[in-house]
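entry-v7.cif, holding mmCIF, C-alpha atoms and all ligand atoms:
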data_model
loop_
_atom_site.label_atom_id
_atom_site.label_comp_id
_atom_site.auth_asym_id
_atom_site.auth_seq_id
_atom_site.Cartn_x
_atom_site.Cartn_y
_atom_site.Cartn_z
CA MET A 1 78.66 126.35 101.81
CA HIS A 2 77.72 125.51 105.37
CA ASN A 3 76.82 121.98 106.23
CA LEU A 4 78.54 120.48 103.20
CA HIS A 5 80.47 117.24 103.22
CA VAL A 6 83.08 117.46 100.45
CA ALA A 7 85.21 114.46 99.46
CA ILE A 8 88.30 114.65 97.25
CA ILE A 9 90.16 111.99 95.27
CA MET A 10 93.55 113.65 95.06
CA ASP A 11 94.88 112.22 91.80
CA GLY A 12 97.77 113.32 89.57
CA ASN A 13 100.75 113.64 91.93
CA GLY A 14 102.80 111.17 89.89
CA ARG A 15 102.08 112.80 86.53
CA TRP A 16 102.73 116.25 88.01
CA ALA A 17 106.20 115.05 89.09
CA GLN A 18 106.97 113.18 85.86
CA ARG A 19 106.21 116.26 83.78
CA ARG A 20 108.85 118.09 85.77
CA GLY A 21 111.39 115.29 85.56
CA LEU A 22 111.00 114.59 89.27
CA ALA A 23 110.50 111.36 91.22
CA ARG A 24 106.90 110.39 91.99
CA THR A 25 107.59 110.96 95.69
CA ALA A 26 108.29 114.63 94.94
CA GLY A 27 104.76 114.79 93.54
CA HIS A 28 103.38 113.46 96.79
CA VAL A 29 105.38 116.05 98.76
CA ALA A 30 103.86 118.79 96.58
CA GLY A 31 100.48 117.07 97.07
CA ALA A 32 100.84 117.34 100.84
CA ALA A 33 101.44 121.09 100.49
CA ALA A 34 98.26 121.34 98.41
CA VAL A 35 96.40 119.50 101.19
CA ARG A 36 97.44 122.15 103.71
CA ALA A 37 96.18 125.02 101.53
CA VAL A 38 92.90 123.32 100.62
CA VAL A 39 92.17 122.41 104.26
CA GLU A 40 92.64 126.06 105.30
CA SER A 41 90.45 127.21 102.47
CA ALA A 42 87.69 124.68 103.23
CA ALA A 43 87.81 125.63 106.92
CA SER A 44 87.50 129.33 106.15
CA ARG A 45 84.60 128.73 103.74
CA GLY A 46 82.60 126.91 106.39
CA VAL A 47 82.67 123.44 104.82
CA ARG A 48 81.41 121.03 107.50
CA ALA A 49 83.45 117.95 106.60
CA LEU A 50 86.29 117.28 104.15
CA SER A 51 87.23 113.67 103.36
CA LEU A 52 90.55 113.25 101.53
CA TYR A 53 91.64 109.99 99.89
CA ALA A 54 95.27 109.86 101.02
CA PHE A 55 96.02 106.13 100.61
CA SER A 56 93.72 103.47 99.20
CA ALA A 57 93.85 99.80 100.17
CA ASP A 58 95.02 99.15 96.59
CA ASN A 59 97.92 101.60 96.93
CA TRP A 60 99.85 98.86 98.79
CA ARG A 61 100.51 97.47 95.31
CA ARG A 62 102.81 100.40 94.48
CA PRO A 63 106.61 100.08 94.77
CA GLY A 64 107.83 99.78 98.37
CA ALA A 65 109.76 103.05 98.24
CA GLU A 66 106.68 105.00 97.12
CA VAL A 67 104.51 103.40 99.82
CA ALA A 68 107.15 104.17 102.46
CA GLY A 69 107.36 107.77 101.22
CA LEU A 70 103.58 108.20 101.46
CA MET A 71 103.51 106.72 104.96
CA ARG A 72 106.29 109.08 106.07
CA LEU A 73 104.42 112.04 104.60
CA LEU A 74 101.24 111.07 106.40
CA GLN A 75 103.05 110.71 109.69
CA ARG A 76 104.80 114.05 109.21
CA TYR A 77 101.49 115.68 108.29
CA LEU A 78 99.88 114.43 111.50
CA LEU A 79 102.84 115.43 113.67
CA THR A 80 103.22 118.93 112.19
CA GLN A 81 99.60 119.86 111.42
CA THR A 82 97.89 118.92 114.68
CA SER A 83 98.75 122.27 116.30
CA ARG A 84 97.63 124.12 113.14
CA CYS A 85 94.36 122.18 113.27
CA LEU A 86 93.86 123.26 116.87
CA GLU A 87 94.44 126.90 115.89
CA GLN A 88 91.87 126.62 113.10
CA ARG A 89 89.45 124.55 115.23
CA VAL A 90 89.78 121.65 112.76
CA ARG A 91 88.87 118.20 114.06
CA LEU A 92 91.09 115.60 112.47
CA SER A 93 90.24 111.95 112.06
CA VAL A 94 91.56 109.09 109.98
CA ILE A 95 89.24 106.56 108.38
CA GLY A 96 90.17 103.12 107.10
CA ARG A 97 91.97 100.07 108.39
CA ARG A 98 94.62 100.40 111.07
CA ASP A 99 95.81 96.81 111.38
CA ARG A 100 98.23 97.09 108.45
CA LEU A 101 99.75 100.48 109.42
CA GLY A 102 103.02 100.93 111.30
CA ALA A 103 102.79 101.33 115.08
CA ARG A 104 104.26 104.84 114.98
CA LEU A 105 101.76 106.01 112.40
CA VAL A 106 98.89 104.56 114.44
CA ARG A 107 100.19 106.40 117.52
CA ALA A 108 100.38 109.66 115.52
CA ILE A 109 96.80 109.11 114.30
CA GLU A 110 95.51 108.46 117.81
CA HIS A 111 97.35 111.49 119.19
CA ALA A 112 96.01 113.82 116.47
CA GLU A 113 92.47 112.53 116.95
CA ARG A 114 92.61 112.90 120.73
CA ALA A 115 94.17 116.37 120.59
CA THR A 116 91.58 117.77 118.16
CA ALA A 117 88.52 115.83 119.41
CA GLY A 118 86.96 118.95 120.93
CA CYS A 119 87.34 121.14 117.82
CA THR A 120 84.05 122.34 116.42
CA GLY A 121 85.14 123.76 113.04
CA LEU A 122 85.86 121.76 109.88
CA HIS A 123 85.95 117.97 110.32
CA LEU A 124 88.98 116.83 108.31
CA ARG A 125 88.94 113.10 107.53
CA LEU A 126 92.00 111.49 105.97
CA ALA A 127 91.30 108.12 104.37
CA VAL A 128 94.30 105.83 104.89
CA ASP A 129 94.34 102.15 103.87
CA TYR A 130 90.73 102.75 102.90
CA SER A 131 88.49 100.63 100.68
CA ALA A 132 84.76 101.30 100.56
CA GLN A 133 84.05 97.73 99.46
CA HIS A 134 86.04 96.34 102.39
CA SER A 135 84.18 98.62 104.83
CA ILE A 136 80.79 97.71 103.36
CA LEU A 137 81.58 93.98 103.64
CA GLN A 138 82.69 94.38 107.26
CA ALA A 139 79.60 96.42 108.14
CA ALA A 140 77.35 93.91 106.36
CA ARG A 141 78.70 91.18 108.63
CA LEU A 142 77.57 93.23 111.64
CA ALA A 143 74.17 94.18 110.19
CA GLY A 144 70.93 92.43 111.02
CA GLU A 145 67.72 92.04 109.08
CA ASP A 146 66.25 95.22 110.56
CA THR A 147 69.30 97.40 109.86
CA GLY A 148 68.21 100.48 107.90
CA PRO A 149 70.38 103.01 106.05
CA ALA A 150 71.09 105.19 109.12
CA ASP A 151 72.05 102.21 111.27
CA PHE A 152 74.17 100.81 108.44
CA GLN A 153 75.99 104.15 108.23
CA ARG A 154 76.76 103.84 111.95
CA LEU A 155 78.17 100.34 111.38
CA LEU A 156 80.32 101.68 108.53
CA ASP A 157 81.59 104.47 110.80
CA GLN A 158 82.41 101.86 113.42
CA VAL A 159 84.50 99.70 111.07
CA ASP A 160 86.14 102.81 109.57
CA HIS A 161 87.15 104.19 113.01
CA ALA A 162 85.13 107.25 111.97
CA GLY A 163 83.56 108.01 115.35
CA ASP A 164 80.35 109.94 114.74
CA GLY A 165 81.24 110.09 111.03
CA ALA A 166 80.29 112.73 108.51
CA GLY A 167 77.42 110.98 106.73
CA ALA A 168 76.47 111.43 103.11
CA VAL A 169 78.91 113.16 100.78
CA ASP A 170 77.40 116.21 99.04
CA LEU A 171 80.19 116.93 96.57
CA LEU A 172 82.88 114.54 95.32
CA ILE A 173 85.84 116.16 93.55
CA ARG A 174 88.42 114.19 91.57
CA THR A 175 91.54 115.84 90.18
CA GLY A 176 93.93 114.48 87.53
CA SER A 177 91.52 113.97 84.60
CA GLU A 178 90.27 110.47 85.37
CA GLN A 179 86.54 110.09 85.93
CA ARG A 180 86.00 107.22 88.35
CA LEU A 181 85.29 106.58 92.04
CA SER A 182 88.17 104.17 92.81
CA ASP A 183 86.43 102.51 95.77
CA PHE A 184 86.10 105.78 97.76
CA LEU A 185 83.09 106.29 100.08
CA LEU A 186 80.76 104.31 97.78
CA TRP A 187 77.91 104.14 100.29
CA GLU A 188 78.29 107.77 101.35
CA CYS A 189 78.40 109.00 97.72
CA ALA A 190 74.98 107.52 96.82
CA TYR A 191 73.65 111.00 95.92
CA ALA A 192 76.89 112.96 95.72
CA GLU A 193 77.31 115.56 93.00
CA LEU A 194 80.42 114.68 91.00
CA TYR A 195 83.02 117.22 89.89
CA PHE A 196 85.98 116.20 87.74
CA THR A 197 88.87 118.48 86.88
CA GLU A 198 91.96 118.07 84.73
CA ARG A 199 94.03 119.92 87.32
CA MET A 200 96.73 117.66 88.82
CA TRP A 201 96.39 117.52 92.62
CA PRO A 202 99.58 119.50 93.48
CA ASP A 203 98.20 122.37 91.33
CA PHE A 204 94.74 122.30 92.94
CA GLY A 205 94.34 125.36 95.14
CA PRO A 206 91.74 127.49 96.95
CA ALA A 207 90.49 129.01 93.65
CA ASP A 208 89.82 125.50 92.29
CA LEU A 209 87.95 124.57 95.46
CA GLN A 210 85.91 127.74 95.04
CA ALA A 211 85.10 126.78 91.41
CA ALA A 212 83.97 123.31 92.51
CA LEU A 213 81.78 124.77 95.26
CA GLU A 214 80.25 127.23 92.78
CA SER A 215 79.51 124.38 90.37
CA TYR A 216 77.86 122.49 93.24
CA ALA A 217 75.77 125.53 94.21
CA SER A 218 74.43 125.78 90.66
CA ARG A 219 73.12 122.21 90.61
CA GLN A 220 69.64 121.14 91.45
CA ARG A 221 69.59 118.17 93.80
CA ARG A 222 66.43 116.10 93.66
CA PHE A 223 67.36 112.83 95.42
CA GLY A 224 65.12 110.96 92.99
CA ALA A 225 62.09 113.15 93.68
CA LEU A 226 60.63 115.98 91.57
CA ALA A 227 62.23 119.38 92.09
CA ALA A 228 59.45 120.76 94.28
CA THR A 229 59.43 117.86 96.73
CA ALA A 230 63.15 117.03 97.09
CA ARG A 231 64.47 117.06 100.67
C1 LIG A 301 97.32 109.91 93.57
O1 LIG A 301 98.29 110.40 92.69
C2 LIG A 301 97.65 110.28 94.93
C3 LIG A 301 97.95 109.39 95.90
C4 LIG A 301 97.99 107.95 95.68
C5 LIG A 301 98.31 109.83 97.26
C6 LIG A 301 97.69 111.10 97.76
C7 LIG A 301 98.60 111.67 98.76
C8 LIG A 301 98.86 112.97 98.96
C9 LIG A 301 98.11 114.03 98.28
C10 LIG A 301 99.95 113.41 99.87
C11 LIG A 301 99.89 112.88 101.23
C12 LIG A 301 98.63 113.22 101.92
C13 LIG A 301 98.55 113.88 103.09
C14 LIG A 301 97.23 114.08 103.73
C15 LIG A 301 99.73 114.43 103.76
P1 LIG A 301 99.03 109.36 91.75
O2 LIG A 301 100.34 109.05 92.38
O3 LIG A 301 98.14 108.19 91.49
O4 LIG A 301 99.21 110.22 90.46
P2 LIG A 301 99.26 109.69 88.97
O5 LIG A 301 97.89 109.17 88.66
O6 LIG A 301 99.59 110.91 88.20
O7 LIG A 301 100.34 108.65 88.92
#
In structure tokens, write the structure found in this file.
Amino acid sequence: MHNLHVAIIMDGNGRWAQRRGLARTAGHVAGAAAVRAVVESAASRGVRALSLYAFSADNWRRPGAEVAGLMRLLQRYLLTQTSRCLEQRVRLSVIGRRDRLGARLVRAIEHAERATAGCTGLHLRLAVDYSAQHSILQAARLAGEDTGPADFQRLLDQVDHAGDGAGAVDLLIRTGSEQRLSDFLLWECAYAELYFTERMWPDFGPADLQAALESYASRQRRFGALAATAR
């Protein structure tokens, strides 16, 4: 599983909570615990990069209390997990817009990124206020006539604050039964293998990640070529 870029749309926190008679925010708290376990598992399995959709640009349309709860969780995650990331050699970055985030959250992001910049293990990328369409539009404004796919990826990384980025996604996982991309890493997922599971995100654990990786390993990737000549 070395050299893989895995992306996850972590869906189902709200339904998980509702089924238990809990507030949606309780589902997000349980979701954050699932993030910790899956990050450890991905790091120990040698996944190269893990991109997690934590807050989409459209999530601003949710009730204020839910948005505030998610922002608090993200900030707490960054403040409490940075030292754990260092222990596990995880490099943490946050992709997406920063101009609409609170100043304290931006400071926590910058601190976590600086502290883990030298880590050479898993590259954990949290997508916050992220919209692939927005990023693509911004990058297109910077692109010239001679811009090819690799240069365009660099422009996307620039507008996403992604540094040297993680490039193409190999495997995209979505939990919570829905089967759609929801504006996540649209450029990077051009040839991604898709894996959908009915598991709600708070219930998704290391064994589920293993199952997704096994499904990926069994697929034949051709990138539009014939099997014998695929890259
Ligand atoms: C989708 O579930 C999930 C989100 C909108 C937020 C994802 C956030 C977390 C997993 C926790 C915070 C993240 C970190 C990195 C600490 P939903 O609310 O849309 O679920 P539903 O479809 O069942 O309503």
A straight line from CA of Glu40 (chain A) to CA of Ser135 (chain A) spans 28.7 Å
Against ligand LIG 301 (chain A), which residues of chain A fall within 7 Å? For each one I want the closest pair of atoms and the distance in Å (one decimal), counting only C-alpha atoms and all ligand atoms, rows by chain and increasing residue number, as CSV.
residue,atom,partner,partner_atom,distance
A:Met10,CA,A:LIG301,C2,5.3
A:Asp11,CA,A:LIG301,C1,3.8
A:Gly12,CA,A:LIG301,O6,3.3
A:Asn13,CA,A:LIG301,O4,4.0
A:Gly14,CA,A:LIG301,O6,3.6
A:Arg15,CA,A:LIG301,O6,3.5
A:Trp16,CA,A:LIG301,O6,6.2
A:Arg24,CA,A:LIG301,O2,6.7
A:His28,CA,A:LIG301,C10,4.6
A:Val29,CA,A:LIG301,C10,6.1
A:Gly31,CA,A:LIG301,C9,4.0
A:Ala32,CA,A:LIG301,C10,4.1
A:Val35,CA,A:LIG301,C14,6.0
A:Tyr53,CA,A:LIG301,C6,6.5
A:Ala54,CA,A:LIG301,C6,4.2
A:Phe55,CA,A:LIG301,C5,5.5
A:Asn59,CA,A:LIG301,C4,6.5
A:Leu70,CA,A:LIG301,C11,6.0
A:Leu73,CA,A:LIG301,C15,5.3
A:Leu74,CA,A:LIG301,C15,4.5
A:Tyr77,CA,A:LIG301,C15,5.0
A:Leu126,CA,A:LIG301,C14,6.3
A:Gly176,CA,A:LIG301,O5,6.7
A:Trp201,CA,A:LIG301,C9,6.9
Do you have the CA of Arg19 (chain A)-CA of Glu178 (chain A) distance handy?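 Between these atoms lies a distance of 17.0 Å.
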Contacts of Leu194 (chain A) at 9 Å (all atoms listed in the file; same-chain gap of 6+ positions) as a PDB file with C-alpha atoms, in the frame of the given file:
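As a result, selection17.pdb now contains:
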ATOM      1  CA  ASP A 170      77.400 116.210  99.040  1.00  0.00           C
ATOM      2  CA  LEU A 171      80.190 116.930  96.570  1.00  0.00           C
ATOM      3  CA  LEU A 172      82.880 114.540  95.320  1.00  0.00           C
ATOM      4  CA  ILE A 173      85.840 116.160  93.550  1.00  0.00           C
ATOM      5  CA  ARG A 174      88.420 114.190  91.570  1.00  0.00           C
ATOM      6  CA  TYR A 216      77.860 122.490  93.240  1.00  0.00           C
TER       7      TYR A 216
END
Exercise for the section: Compare A:Val169, A:Ala207, A:Met71, A:Ala139 by their minimum atom-to-atom distance to Ala190 (chain A), counting only C-alpha atoms, and give me the closest one. Expected result: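 With only C-alpha atoms as the atom set, the closest residue is A:Val169.
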field: For CA of Arg20 (chain A) and CA of Ser41 (chain A), the interatomic separation in Å (one decimal)
entry: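 Taking CA of Arg20 (chain A) and CA of Ser41 (chain A), their separation equals 26.5 Å.
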Can you pull out every residue within 10 Å of Gln88 (chain A), counting only C-alpha atoms, but drop anything in the same chain fewer than 2 positions away, and send it as an MDAnalysis selection string? chainID A and resid 39:40 43:44 82:86 90:91 119:122
File of the preceding selection, C-alpha atoms, as a JSON list (two decimals), in the coordinates of the input:
[["chain", "number", "residue", "atom", "x", "y", "z"],
["A", 39, "VAL", "CA", 92.17, 122.41, 104.26],
["A", 40, "GLU", "CA", 92.64, 126.06, 105.30],
["A", 43, "ALA", "CA", 87.81, 125.63, 106.92],
["A", 44, "SER", "CA", 87.50, 129.33, 106.15],
["A", 82, "THR", "CA", 97.89, 118.92, 114.68],
["A", 83, "SER", "CA", 98.75, 122.27, 116.30],
["A", 84, "ARG", "CA", 97.63, 124.12, 113.14],
["A", 85, "CYS", "CA", 94.36, 122.18, 113.27],
["A", 86, "LEU", "CA", 93.86, 123.26, 116.87],
["A", 90, "VAL", "CA", 89.78, 121.65, 112.76],
["A", 91, "ARG", "CA", 88.87, 118.20, 114.06],
["A", 119, "CYS", "CA", 87.34, 121.14, 117.82],
["A", 120, "THR", "CA", 84.05, 122.34, 116.42],
["A", 121, "GLY", "CA", 85.14, 123.76, 113.04],
["A", 122, "LEU", "CA", 85.86, 121.76, 109.88]]
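Nearest residue to Val67 (chain A), choosing from A:Val94, A:Leu101, A:Leu22, A:Leu226 and counting only C-alpha atoms: A:Leu101.
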(Q) Could you list, as an MDAnalysis selection string, every residue within 12 Å of Asp208 (chain A), counting all atoms listed in the file and ignoring same-chain residues fewer than 3 positions away? (A) chainID A and resid 34 37:38 41:42 173:175 195:205 211:215
| query | Neighbours of Gln81 (chain A) within 9 Å (only C-alpha atoms; same-chain residues fewer than 5 positions away dropped), as JSON, numbers by chain? | reply | {"A": [36, 76, 86, 112]}
Counting all atoms listed in the file, closest pick from A:Gln75, A:Ser131, A:Asn3, A:Gln18 relative to Leu105 (chain A) is A:Gln75
Original post:
So which residues touch region 149-155 of chain A within 10 Å, counting all atoms listed in the file, skipping near sequence neighbours fewer than 3 positions away, as a PyMOL selection string?
Top reply: chain A and resi 135-136+138-144+146+158-168+187-188
Min atom-atom distance to Leu156 (chain A) from the set A:Ile95, A:Ala23, A:Ala49, A:Ala30, counting only C-alpha atoms, belongs to A:Ile95
Taking all listed atoms of region 16-26 of chain A, build the axis-aligned box, pad each of the six sides by 8 Å, then write its centre and edge lengths in Å to one decimal as JSON.
{"center_x": 107.1, "center_y": 114.2, "center_z": 89.7, "size_x": 24.7, "size_y": 23.7, "size_z": 27.9}
Counting all atoms listed in the file, the residue among A:Gly224, A:Pro206, A:Gly46, A:Gly96 that lies closest to Asp183 (chain A) is A:Gly96
